[in-house]
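Trainee: Shown below is the structure under consideration.
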Amino acid sequence: MSLSEERELLLETAHRVFGRDSADPWEEVEKAGLADLGAAADFGDVAAVIRVSAYHGTRIDFAERVMPEVGDAQRRGALMRSQQIVGALERVRDLTVAYAGERRQFGQPINRFQAVQQELAELAGEVALAVAAADAAVEDPLSAKQVAAAKVVAGTAAGRAAAIAHQVHGAIGFTHEHKLHRWTTRLWAWRDEYGTESAWAEALGDLVARAGADRLWEVVTGE
């Protein structure tokens, strides 16, 4: 999603609100004017702020409250979870890259080792794929095809990214002292909610099959 100046300001506000500890997070959300976002803002802005809330691991049901009605409940939920997964994936990527630069073995940061570099590259690729699929769904939120594809790609990326992140972090990533598990446990839950990858892949396959062989390229590419 391209960022307008208005969206940049909105995201700066969202990062400030969700990025700090507060005794009453909803009060902070309301003060910042984000509580009514779903009714007043462009859907691209809503999706972007939902991602920010997931990036910071908010424990309030912000996404559920601001997500507009888009299609039926299952499609709305799948689209919402796709955006949240992307936000959490971006945080998992950032935490893992930072840890790999700080953790030292054999006298050097572990990100100097080729095997770790390869894992970080794969992690970044999974995040990029999820972002692209989620962005396409935001551009056309009423498209069953785009929403299904976003949930499949985001869910698949969630599983792979969480596995890579924990492999790079080692045992510390599972401890309560480290932040990583706050996002990976959500990724594991979100990928199954409002339809698993298998369920949405089947729905996507049915959609393509109903279109017929003559329209396969049109359905797949949108051209």
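Naming scheme: A, B, ... for chains in displayed order of the structure tokens; residues 1 onward per chain; ligands 1 onward as shown.
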List every residue of segment 19-164 of chain A that DSSP, applied to the backbone, labels as strand (DSSP E), and write the result as a list in words.
Mentor: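 Selecting the strand (DSSP E) positions of segment 19-164 of chain A gives Arg104, Gln105, Gln108 and Pro109 of chain A.
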Trainee: DSSP says helix (DSSP H, G or I) for which residues of segment 17-122 of chain A? Put them as a PDB file with N, CA and C atoms, in the first residue's frame?
Mentor:
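Below is the file that was written, out19.pdb:
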ATOM      1  N   VAL A  17       0.535   5.156  20.111  1.00  0.00           N
ATOM      2  CA  VAL A  17      -0.513   4.676  21.013  1.00  0.00           C
ATOM      3  C   VAL A  17      -0.288   3.218  21.407  1.00  0.00           C
ATOM      4  N   PHE A  18      -0.047   2.369  20.416  1.00  0.00           N
ATOM      5  CA  PHE A  18       0.072   0.936  20.693  1.00  0.00           C
ATOM      6  C   PHE A  18       1.464   0.548  21.193  1.00  0.00           C
ATOM      7  N   PRO A  25      -5.495   0.889  27.908  1.00  0.00           N
ATOM      8  CA  PRO A  25      -5.177   1.045  26.485  1.00  0.00           C
ATOM      9  C   PRO A  25      -6.327   1.621  25.663  1.00  0.00           C
ATOM     10  N   TRP A  26      -7.559   1.234  25.999  1.00  0.00           N
ATOM     11  CA  TRP A  26      -8.681   1.752  25.222  1.00  0.00           C
ATOM     12  C   TRP A  26      -8.859   3.256  25.398  1.00  0.00           C
ATOM     13  N   GLU A  27      -8.543   3.743  26.566  1.00  0.00           N
ATOM     14  CA  GLU A  27      -8.609   5.195  26.768  1.00  0.00           C
ATOM     15  C   GLU A  27      -7.621   5.905  25.855  1.00  0.00           C
ATOM     16  N   GLU A  28      -6.424   5.328  25.714  1.00  0.00           N
ATOM     17  CA  GLU A  28      -5.421   5.902  24.820  1.00  0.00           C
ATOM     18  C   GLU A  28      -5.903   5.857  23.366  1.00  0.00           C
ATOM     19  N   VAL A  29      -6.515   4.746  22.980  1.00  0.00           N
ATOM     20  CA  VAL A  29      -7.042   4.602  21.619  1.00  0.00           C
ATOM     21  C   VAL A  29      -8.114   5.648  21.344  1.00  0.00           C
ATOM     22  N   GLU A  30      -8.997   5.840  22.304  1.00  0.00           N
ATOM     23  CA  GLU A  30     -10.083   6.808  22.130  1.00  0.00           C
ATOM     24  C   GLU A  30      -9.553   8.236  22.086  1.00  0.00           C
ATOM     25  N   LYS A  31      -8.579   8.542  22.953  1.00  0.00           N
ATOM     26  CA  LYS A  31      -7.998   9.890  22.949  1.00  0.00           C
ATOM     27  C   LYS A  31      -7.360  10.215  21.603  1.00  0.00           C
ATOM     28  N   LEU A  37     -12.258   4.467  13.945  1.00  0.00           N
ATOM     29  CA  LEU A  37     -11.556   4.413  12.665  1.00  0.00           C
ATOM     30  C   LEU A  37     -12.352   3.660  11.600  1.00  0.00           C
ATOM     31  N   GLY A  38     -12.983   2.558  11.985  1.00  0.00           N
ATOM     32  CA  GLY A  38     -13.690   1.731  11.012  1.00  0.00           C
ATOM     33  C   GLY A  38     -14.830   2.450  10.326  1.00  0.00           C
ATOM     34  N   ALA A  39     -15.442   3.393  11.014  1.00  0.00           N
ATOM     35  CA  ALA A  39     -16.584   4.101  10.448  1.00  0.00           C
ATOM     36  C   ALA A  39     -16.177   5.325   9.642  1.00  0.00           C
ATOM     37  N   ALA A  40     -14.997   5.856   9.922  1.00  0.00           N
ATOM     38  CA  ALA A  40     -14.629   7.141   9.335  1.00  0.00           C
ATOM     39  C   ALA A  40     -13.520   7.077   8.287  1.00  0.00           C
ATOM     40  N   PHE A  43     -10.608   2.025   3.968  1.00  0.00           N
ATOM     41  CA  PHE A  43     -10.293   0.689   4.449  1.00  0.00           C
ATOM     42  C   PHE A  43      -8.789   0.428   4.465  1.00  0.00           C
ATOM     43  N   GLY A  44      -8.064   1.026   3.541  1.00  0.00           N
ATOM     44  CA  GLY A  44      -6.610   0.873   3.549  1.00  0.00           C
ATOM     45  C   GLY A  44      -5.996   1.423   4.823  1.00  0.00           C
ATOM     46  N   ASP A  45      -6.546   2.537   5.324  1.00  0.00           N
ATOM     47  CA  ASP A  45      -6.064   3.104   6.588  1.00  0.00           C
ATOM     48  C   ASP A  45      -6.404   2.192   7.758  1.00  0.00           C
ATOM     49  N   VAL A  46      -7.608   1.647   7.747  1.00  0.00           N
ATOM     50  CA  VAL A  46      -8.019   0.738   8.823  1.00  0.00           C
ATOM     51  C   VAL A  46      -7.094  -0.471   8.865  1.00  0.00           C
ATOM     52  N   ALA A  47      -6.845  -1.070   7.705  1.00  0.00           N
ATOM     53  CA  ALA A  47      -5.986  -2.253   7.635  1.00  0.00           C
ATOM     54  C   ALA A  47      -4.581  -1.935   8.117  1.00  0.00           C
ATOM     55  N   ALA A  48      -4.073  -0.766   7.732  1.00  0.00           N
ATOM     56  CA  ALA A  48      -2.723  -0.385   8.133  1.00  0.00           C
ATOM     57  C   ALA A  48      -2.600  -0.230   9.646  1.00  0.00           C
ATOM     58  N   VAL A  49      -3.621   0.350  10.271  1.00  0.00           N
ATOM     59  CA  VAL A  49      -3.581   0.533  11.730  1.00  0.00           C
ATOM     60  C   VAL A  49      -3.771  -0.806  12.445  1.00  0.00           C
ATOM     61  N   ILE A  50      -4.590  -1.680  11.889  1.00  0.00           N
ATOM     62  CA  ILE A  50      -4.727  -3.023  12.466  1.00  0.00           C
ATOM     63  C   ILE A  50      -3.375  -3.724  12.469  1.00  0.00           C
ATOM     64  N   ARG A  51      -2.618  -3.578  11.399  1.00  0.00           N
ATOM     65  CA  ARG A  51      -1.277  -4.180  11.343  1.00  0.00           C
ATOM     66  C   ARG A  51      -0.372  -3.602  12.432  1.00  0.00           C
ATOM     67  N   VAL A  52      -0.451  -2.303  12.626  1.00  0.00           N
ATOM     68  CA  VAL A  52       0.366  -1.667  13.661  1.00  0.00           C
ATOM     69  C   VAL A  52      -0.014  -2.195  15.041  1.00  0.00           C
ATOM     70  N   SER A  53      -1.311  -2.355  15.283  1.00  0.00           N
ATOM     71  CA  SER A  53      -1.742  -2.869  16.585  1.00  0.00           C
ATOM     72  C   SER A  53      -1.202  -4.274  16.816  1.00  0.00           C
ATOM     73  N   ALA A  54      -1.168  -5.087  15.778  1.00  0.00           N
ATOM     74  CA  ALA A  54      -0.624  -6.441  15.902  1.00  0.00           C
ATOM     75  C   ALA A  54       0.891  -6.417  16.038  1.00  0.00           C
ATOM     76  N   TYR A  55       1.534  -5.478  15.367  1.00  0.00           N
ATOM     77  CA  TYR A  55       2.991  -5.344  15.466  1.00  0.00           C
ATOM     78  C   TYR A  55       3.408  -5.089  16.908  1.00  0.00           C
ATOM     79  N   PHE A  62      -8.888  -4.507  19.507  1.00  0.00           N
ATOM     80  CA  PHE A  62      -8.972  -3.341  18.629  1.00  0.00           C
ATOM     81  C   PHE A  62      -9.447  -3.732  17.232  1.00  0.00           C
ATOM     82  N   ALA A  63      -8.805  -4.740  16.640  1.00  0.00           N
ATOM     83  CA  ALA A  63      -9.147  -5.132  15.267  1.00  0.00           C
ATOM     84  C   ALA A  63     -10.613  -5.534  15.152  1.00  0.00           C
ATOM     85  N   GLU A  64     -11.085  -6.307  16.106  1.00  0.00           N
ATOM     86  CA  GLU A  64     -12.473  -6.766  16.072  1.00  0.00           C
ATOM     87  C   GLU A  64     -13.452  -5.593  16.116  1.00  0.00           C
ATOM     88  N   ARG A  65     -13.080  -4.531  16.806  1.00  0.00           N
ATOM     89  CA  ARG A  65     -13.999  -3.394  16.960  1.00  0.00           C
ATOM     90  C   ARG A  65     -13.986  -2.462  15.756  1.00  0.00           C
ATOM     91  N   VAL A  66     -12.844  -2.314  15.105  1.00  0.00           N
ATOM     92  CA  VAL A  66     -12.764  -1.321  14.024  1.00  0.00           C
ATOM     93  C   VAL A  66     -12.889  -1.941  12.639  1.00  0.00           C
ATOM     94  N   ALA A  73     -19.386 -12.976   7.779  1.00  0.00           N
ATOM     95  CA  ALA A  73     -18.542 -12.949   8.978  1.00  0.00           C
ATOM     96  C   ALA A  73     -17.241 -13.712   8.778  1.00  0.00           C
ATOM     97  N   GLN A  74     -17.298 -14.822   8.059  1.00  0.00           N
ATOM     98  CA  GLN A  74     -16.098 -15.624   7.843  1.00  0.00           C
ATOM     99  C   GLN A  74     -15.076 -14.874   6.989  1.00  0.00           C
ATOM    100  N   ARG A  75     -15.555 -14.228   5.947  1.00  0.00           N
ATOM    101  CA  ARG A  75     -14.646 -13.483   5.070  1.00  0.00           C
ATOM    102  C   ARG A  75     -14.077 -12.267   5.804  1.00  0.00           C
ATOM    103  N   ARG A  76     -14.930 -11.580   6.545  1.00  0.00           N
ATOM    104  CA  ARG A  76     -14.458 -10.435   7.338  1.00  0.00           C
ATOM    105  C   ARG A  76     -13.376 -10.870   8.307  1.00  0.00           C
ATOM    106  N   GLY A  77     -13.620 -11.984   9.008  1.00  0.00           N
ATOM    107  CA  GLY A  77     -12.643 -12.478   9.975  1.00  0.00           C
ATOM    108  C   GLY A  77     -11.341 -12.900   9.328  1.00  0.00           C
ATOM    109  N   ALA A  78     -11.441 -13.566   8.181  1.00  0.00           N
ATOM    110  CA  ALA A  78     -10.232 -14.009   7.482  1.00  0.00           C
ATOM    111  C   ALA A  78      -9.398 -12.813   7.017  1.00  0.00           C
ATOM    112  N   LEU A  79     -10.075 -11.793   6.506  1.00  0.00           N
ATOM    113  CA  LEU A  79      -9.363 -10.599   6.066  1.00  0.00           C
ATOM    114  C   LEU A  79      -8.713  -9.885   7.248  1.00  0.00           C
ATOM    115  N   MET A  80      -9.432  -9.805   8.352  1.00  0.00           N
ATOM    116  CA  MET A  80      -8.889  -9.179   9.563  1.00  0.00           C
ATOM    117  C   MET A  80      -7.670  -9.938  10.073  1.00  0.00           C
ATOM    118  N   ARG A  81      -7.788 -11.270  10.180  1.00  0.00           N
ATOM    119  CA  ARG A  81      -6.668 -12.068  10.665  1.00  0.00           C
ATOM    120  C   ARG A  81      -5.466 -11.964   9.729  1.00  0.00           C
ATOM    121  N   SER A  82      -5.704 -11.869   8.438  1.00  0.00           N
ATOM    122  CA  SER A  82      -4.585 -11.723   7.495  1.00  0.00           C
ATOM    123  C   SER A  82      -3.791 -10.460   7.782  1.00  0.00           C
ATOM    124  N   GLN A  83      -4.493  -9.362   8.075  1.00  0.00           N
ATOM    125  CA  GLN A  83      -3.808  -8.112   8.384  1.00  0.00           C
ATOM    126  C   GLN A  83      -3.056  -8.218   9.707  1.00  0.00           C
ATOM    127  N   GLN A  84      -3.674  -8.854  10.694  1.00  0.00           N
ATOM    128  CA  GLN A  84      -3.005  -9.024  11.986  1.00  0.00           C
ATOM    129  C   GLN A  84      -1.776  -9.929  11.858  1.00  0.00           C
ATOM    130  N   ILE A  85      -1.896 -10.977  11.073  1.00  0.00           N
ATOM    131  CA  ILE A  85      -0.757 -11.866  10.864  1.00  0.00           C
ATOM    132  C   ILE A  85       0.409 -11.100  10.252  1.00  0.00           C
ATOM    133  N   VAL A  86       0.119 -10.243   9.283  1.00  0.00           N
ATOM    134  CA  VAL A  86       1.186  -9.464   8.657  1.00  0.00           C
ATOM    135  C   VAL A  86       1.881  -8.576   9.682  1.00  0.00           C
ATOM    136  N   GLY A  87       1.105  -7.898  10.531  1.00  0.00           N
ATOM    137  CA  GLY A  87       1.716  -7.053  11.556  1.00  0.00           C
ATOM    138  C   GLY A  87       2.594  -7.844  12.499  1.00  0.00           C
ATOM    139  N   ALA A  88       2.103  -9.014  12.928  1.00  0.00           N
ATOM    140  CA  ALA A  88       2.887  -9.859  13.829  1.00  0.00           C
ATOM    141  C   ALA A  88       4.120 -10.424  13.130  1.00  0.00           C
ATOM    142  N   LEU A  89       3.986 -10.787  11.862  1.00  0.00           N
ATOM    143  CA  LEU A  89       5.133 -11.286  11.098  1.00  0.00           C
ATOM    144  C   LEU A  89       6.234 -10.235  11.009  1.00  0.00           C
ATOM    145  N   GLU A  90       5.841  -8.998  10.784  1.00  0.00           N
ATOM    146  CA  GLU A  90       6.841  -7.930  10.698  1.00  0.00           C
ATOM    147  C   GLU A  90       7.574  -7.763  12.025  1.00  0.00           C
ATOM    148  N   ARG A  91       6.866  -7.933  13.142  1.00  0.00           N
ATOM    149  CA  ARG A  91       7.526  -7.832  14.441  1.00  0.00           C
ATOM    150  C   ARG A  91       8.444  -9.029  14.676  1.00  0.00           C
ATOM    151  N   VAL A  92       7.994 -10.224  14.308  1.00  0.00           N
ATOM    152  CA  VAL A  92       8.830 -11.418  14.450  1.00  0.00           C
ATOM    153  C   VAL A  92      10.099 -11.283  13.611  1.00  0.00           C
ATOM    154  N   ARG A  93       9.962 -10.781  12.409  1.00  0.00           N
ATOM    155  CA  ARG A  93      11.136 -10.546  11.561  1.00  0.00           C
ATOM    156  C   ARG A  93      12.102  -9.576  12.218  1.00  0.00           C
ATOM    157  N   ASP A  94      11.594  -8.454  12.726  1.00  0.00           N
ATOM    158  CA  ASP A  94      12.461  -7.440  13.327  1.00  0.00           C
ATOM    159  C   ASP A  94      13.144  -7.972  14.587  1.00  0.00           C
ATOM    160  N   LEU A  95      12.400  -8.706  15.409  1.00  0.00           N
ATOM    161  CA  LEU A  95      12.998  -9.283  16.615  1.00  0.00           C
ATOM    162  C   LEU A  95      14.095 -10.280  16.264  1.00  0.00           C
ATOM    163  N   THR A  96      13.863 -11.079  15.244  1.00  0.00           N
ATOM    164  CA  THR A  96      14.818 -12.118  14.872  1.00  0.00           C
ATOM    165  C   THR A  96      16.078 -11.522  14.251  1.00  0.00           C
ATOM    166  N   VAL A  97      15.907 -10.537  13.396  1.00  0.00           N
ATOM    167  CA  VAL A  97      17.065  -9.871  12.799  1.00  0.00           C
ATOM    168  C   VAL A  97      17.893  -9.192  13.885  1.00  0.00           C
ATOM    169  N   ALA A  98      17.228  -8.525  14.830  1.00  0.00           N
ATOM    170  CA  ALA A  98      17.949  -7.850  15.916  1.00  0.00           C
ATOM    171  C   ALA A  98      18.695  -8.856  16.781  1.00  0.00           C
ATOM    172  N   TYR A  99      18.039  -9.963  17.124  1.00  0.00           N
ATOM    173  CA  TYR A  99      18.674 -10.971  17.977  1.00  0.00           C
ATOM    174  C   TYR A  99      19.887 -11.585  17.284  1.00  0.00           C
ATOM    175  N   ALA A 100      19.751 -11.857  15.989  1.00  0.00           N
ATOM    176  CA  ALA A 100      20.868 -12.453  15.250  1.00  0.00           C
ATOM    177  C   ALA A 100      22.065 -11.516  15.171  1.00  0.00           C
ATOM    178  N   GLY A 101      21.823 -10.216  15.282  1.00  0.00           N
ATOM    179  CA  GLY A 101      22.921  -9.258  15.282  1.00  0.00           C
ATOM    180  C   GLY A 101      23.552  -9.075  16.650  1.00  0.00           C
ATOM    181  N   GLU A 102      22.802  -9.438  17.698  1.00  0.00           N
ATOM    182  CA  GLU A 102      23.293  -9.254  19.075  1.00  0.00           C
ATOM    183  C   GLU A 102      23.919 -10.525  19.649  1.00  0.00           C
ATOM    184  N   ILE A 110      25.872 -14.137  15.381  1.00  0.00           N
ATOM    185  CA  ILE A 110      25.449 -15.309  14.621  1.00  0.00           C
ATOM    186  C   ILE A 110      24.951 -14.963  13.222  1.00  0.00           C
ATOM    187  N   ASN A 111      24.640 -13.680  12.970  1.00  0.00           N
ATOM    188  CA  ASN A 111      24.221 -13.324  11.618  1.00  0.00           C
ATOM    189  C   ASN A 111      25.381 -13.314  10.623  1.00  0.00           C
ATOM    190  N   ARG A 112      26.590 -13.589  11.110  1.00  0.00           N
ATOM    191  CA  ARG A 112      27.735 -13.738  10.215  1.00  0.00           C
ATOM    192  C   ARG A 112      27.809 -15.149   9.614  1.00  0.00           C
ATOM    193  N   GLN A 114      26.616 -18.324   7.528  1.00  0.00           N
ATOM    194  CA  GLN A 114      25.831 -18.453   6.302  1.00  0.00           C
ATOM    195  C   GLN A 114      24.485 -19.130   6.543  1.00  0.00           C
ATOM    196  N   ALA A 115      24.465 -20.138   7.405  1.00  0.00           N
ATOM    197  CA  ALA A 115      23.210 -20.842   7.668  1.00  0.00           C
ATOM    198  C   ALA A 115      22.171 -19.905   8.279  1.00  0.00           C
ATOM    199  N   VAL A 116      22.610 -19.032   9.176  1.00  0.00           N
ATOM    200  CA  VAL A 116      21.688 -18.079   9.800  1.00  0.00           C
ATOM    201  C   VAL A 116      21.254 -17.030   8.781  1.00  0.00           C
ATOM    202  N   GLN A 117      22.185 -16.573   7.961  1.00  0.00           N
ATOM    203  CA  GLN A 117      21.839 -15.605   6.920  1.00  0.00           C
ATOM    204  C   GLN A 117      20.767 -16.163   5.985  1.00  0.00           C
ATOM    205  N   GLN A 118      20.899 -17.436   5.658  1.00  0.00           N
ATOM    206  CA  GLN A 118      19.922 -18.076   4.779  1.00  0.00           C
ATOM    207  C   GLN A 118      18.546 -18.116   5.446  1.00  0.00           C
ATOM    208  N   GLU A 119      18.513 -18.413   6.735  1.00  0.00           N
ATOM    209  CA  GLU A 119      17.244 -18.458   7.453  1.00  0.00           C
ATOM    210  C   GLU A 119      16.613 -17.061   7.532  1.00  0.00           C
ATOM    211  N   LEU A 120      17.432 -16.051   7.777  1.00  0.00           N
ATOM    212  CA  LEU A 120      16.906 -14.685   7.838  1.00  0.00           C
ATOM    213  C   LEU A 120      16.347 -14.254   6.485  1.00  0.00           C
ATOM    214  N   ALA A 121      17.025 -14.648   5.413  1.00  0.00           N
ATOM    215  CA  ALA A 121      16.544 -14.318   4.071  1.00  0.00           C
ATOM    216  C   ALA A 121      15.214 -15.009   3.792  1.00  0.00           C
ATOM    217  N   GLU A 122      15.103 -16.266   4.208  1.00  0.00           N
ATOM    218  CA  GLU A 122      13.844 -16.991   4.016  1.00  0.00           C
ATOM    219  C   GLU A 122      12.728 -16.360   4.841  1.00  0.00           C
TER     220      GLU A 122
END
Trainee: If you measure from atom CA of Ala35 of chain A to atom CA of Arg20 of chain A, what distance in Å do you get, rounded to one decimal?
Mentor: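 Value for the atom CA of Ala35 of chain A-atom CA of Arg20 of chain A distance: 16.7 Å.
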Trainee: Hey, what's within 10 Å of Trp188 of chain A if we count only C-alpha atoms and toss same-chain stuff fewer than 5 positions away? As a ChimeraX atom specification, please?
Mentor: /A:85,155,158-159,162,183,193
Trainee: The selected residues should be written to file as a PDB file, in the first residue's frame (atoms: N, CA and C atoms).
Mentor:
ATOM      1  N   ILE A  85      -1.896 -10.977  11.073  1.00  0.00           N
ATOM      2  CA  ILE A  85      -0.757 -11.866  10.864  1.00  0.00           C
ATOM      3  C   ILE A  85       0.409 -11.100  10.252  1.00  0.00           C
ATOM      4  N   GLY A 155      -1.273 -17.380   6.395  1.00  0.00           N
ATOM      5  CA  GLY A 155      -1.233 -18.510   7.318  1.00  0.00           C
ATOM      6  C   GLY A 155      -0.007 -19.386   7.103  1.00  0.00           C
ATOM      7  N   ALA A 158       2.953 -17.577   8.416  1.00  0.00           N
ATOM      8  CA  ALA A 158       2.956 -17.565   9.886  1.00  0.00           C
ATOM      9  C   ALA A 158       3.633 -18.810  10.436  1.00  0.00           C
ATOM     10  N   GLY A 159       3.280 -19.960   9.889  1.00  0.00           N
ATOM     11  CA  GLY A 159       3.877 -21.201  10.364  1.00  0.00           C
ATOM     12  C   GLY A 159       5.361 -21.274  10.106  1.00  0.00           C
ATOM     13  N   ALA A 162       7.392 -18.424  12.154  1.00  0.00           N
ATOM     14  CA  ALA A 162       7.516 -18.734  13.580  1.00  0.00           C
ATOM     15  C   ALA A 162       8.567 -19.811  13.811  1.00  0.00           C
ATOM     16  N   TRP A 183       4.335 -13.035  20.082  1.00  0.00           N
ATOM     17  CA  TRP A 183       3.867 -12.923  18.700  1.00  0.00           C
ATOM     18  C   TRP A 183       3.715 -14.284  18.021  1.00  0.00           C
ATOM     19  N   GLU A 193      -7.784 -19.482  12.824  1.00  0.00           N
ATOM     20  CA  GLU A 193      -9.071 -18.838  13.076  1.00  0.00           C
ATOM     21  C   GLU A 193      -9.687 -18.293  11.795  1.00  0.00           C
TER      22      GLU A 193
END
Trainee: Quick one: residues within 6 Å of segment 149-152 of chain A, only C-alpha atoms counted, chain neighbours fewer than 5 positions away excluded, as JSON, numbers by chain?
Mentor: {"A": [82, 133, 134, 197]}
Trainee: Could the residues in this selection be saved with C-alpha atoms as a PDB file, in the first residue's frame?
Mentor:
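Just written: part04.pdb:
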ATOM      1  CA  SER A  82      -4.585 -11.723   7.495  1.00  0.00           C
ATOM      2  CA  ALA A 133      -1.156 -11.014  -0.529  1.00  0.00           C
ATOM      3  CA  ALA A 134      -2.643  -8.947   2.298  1.00  0.00           C
ATOM      4  CA  GLU A 197      -5.031 -22.516   4.961  1.00  0.00           C
TER       5      GLU A 197
END
Trainee: Which of these, A:Ala148, A:Ser4, A:Ala154, A:Gly57, has the shortest distance to Leu180 of chain A once you count only C-alpha atoms?
Mentor: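 When distances to Leu180 of chain A are compared using only C-alpha atoms, the smallest one comes from A:Gly57.
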Trainee: Work out how far atom CA of Gly125 of chain A is from atom CA of Ala161 of chain A, in Å to one decimal.
Mentor: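 Separation of atom CA of Ala161 of chain A and atom CA of Gly125 of chain A: 9.3 Å.
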Trainee: Kindly indicate which residue among A:Leu187, A:Lys145, A:Ala124, A:His56 lies nearest to Gly222 of chain A, using only C-alpha atoms for the distances.
Mentor: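 Smallest distance to Gly222 of chain A is found for A:Lys145.
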Trainee: Quick one: pull the distance between atom CA of Ala157 of chain A and atom CA of Val127 of chain A, Å, one decimal.
Mentor: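 Pair atom CA of Ala157 of chain A / atom CA of Val127 of chain A returns 6.6 Å.
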Trainee: Could you check the closest approach to Arg103 of chain A for each of A:Gly170, A:Gly19, A:Gly212, A:Gly33 and tell me which residue wins, using only C-alpha atoms?
Mentor: A:Gly170
Trainee: Choose the residue, out of A:Arg160, A:Gln108, A:Glu202, A:Leu207, that has the smallest atom-to-atom separation from Ser143 of chain A; count only C-alpha atoms.
Mentor: A:Leu207
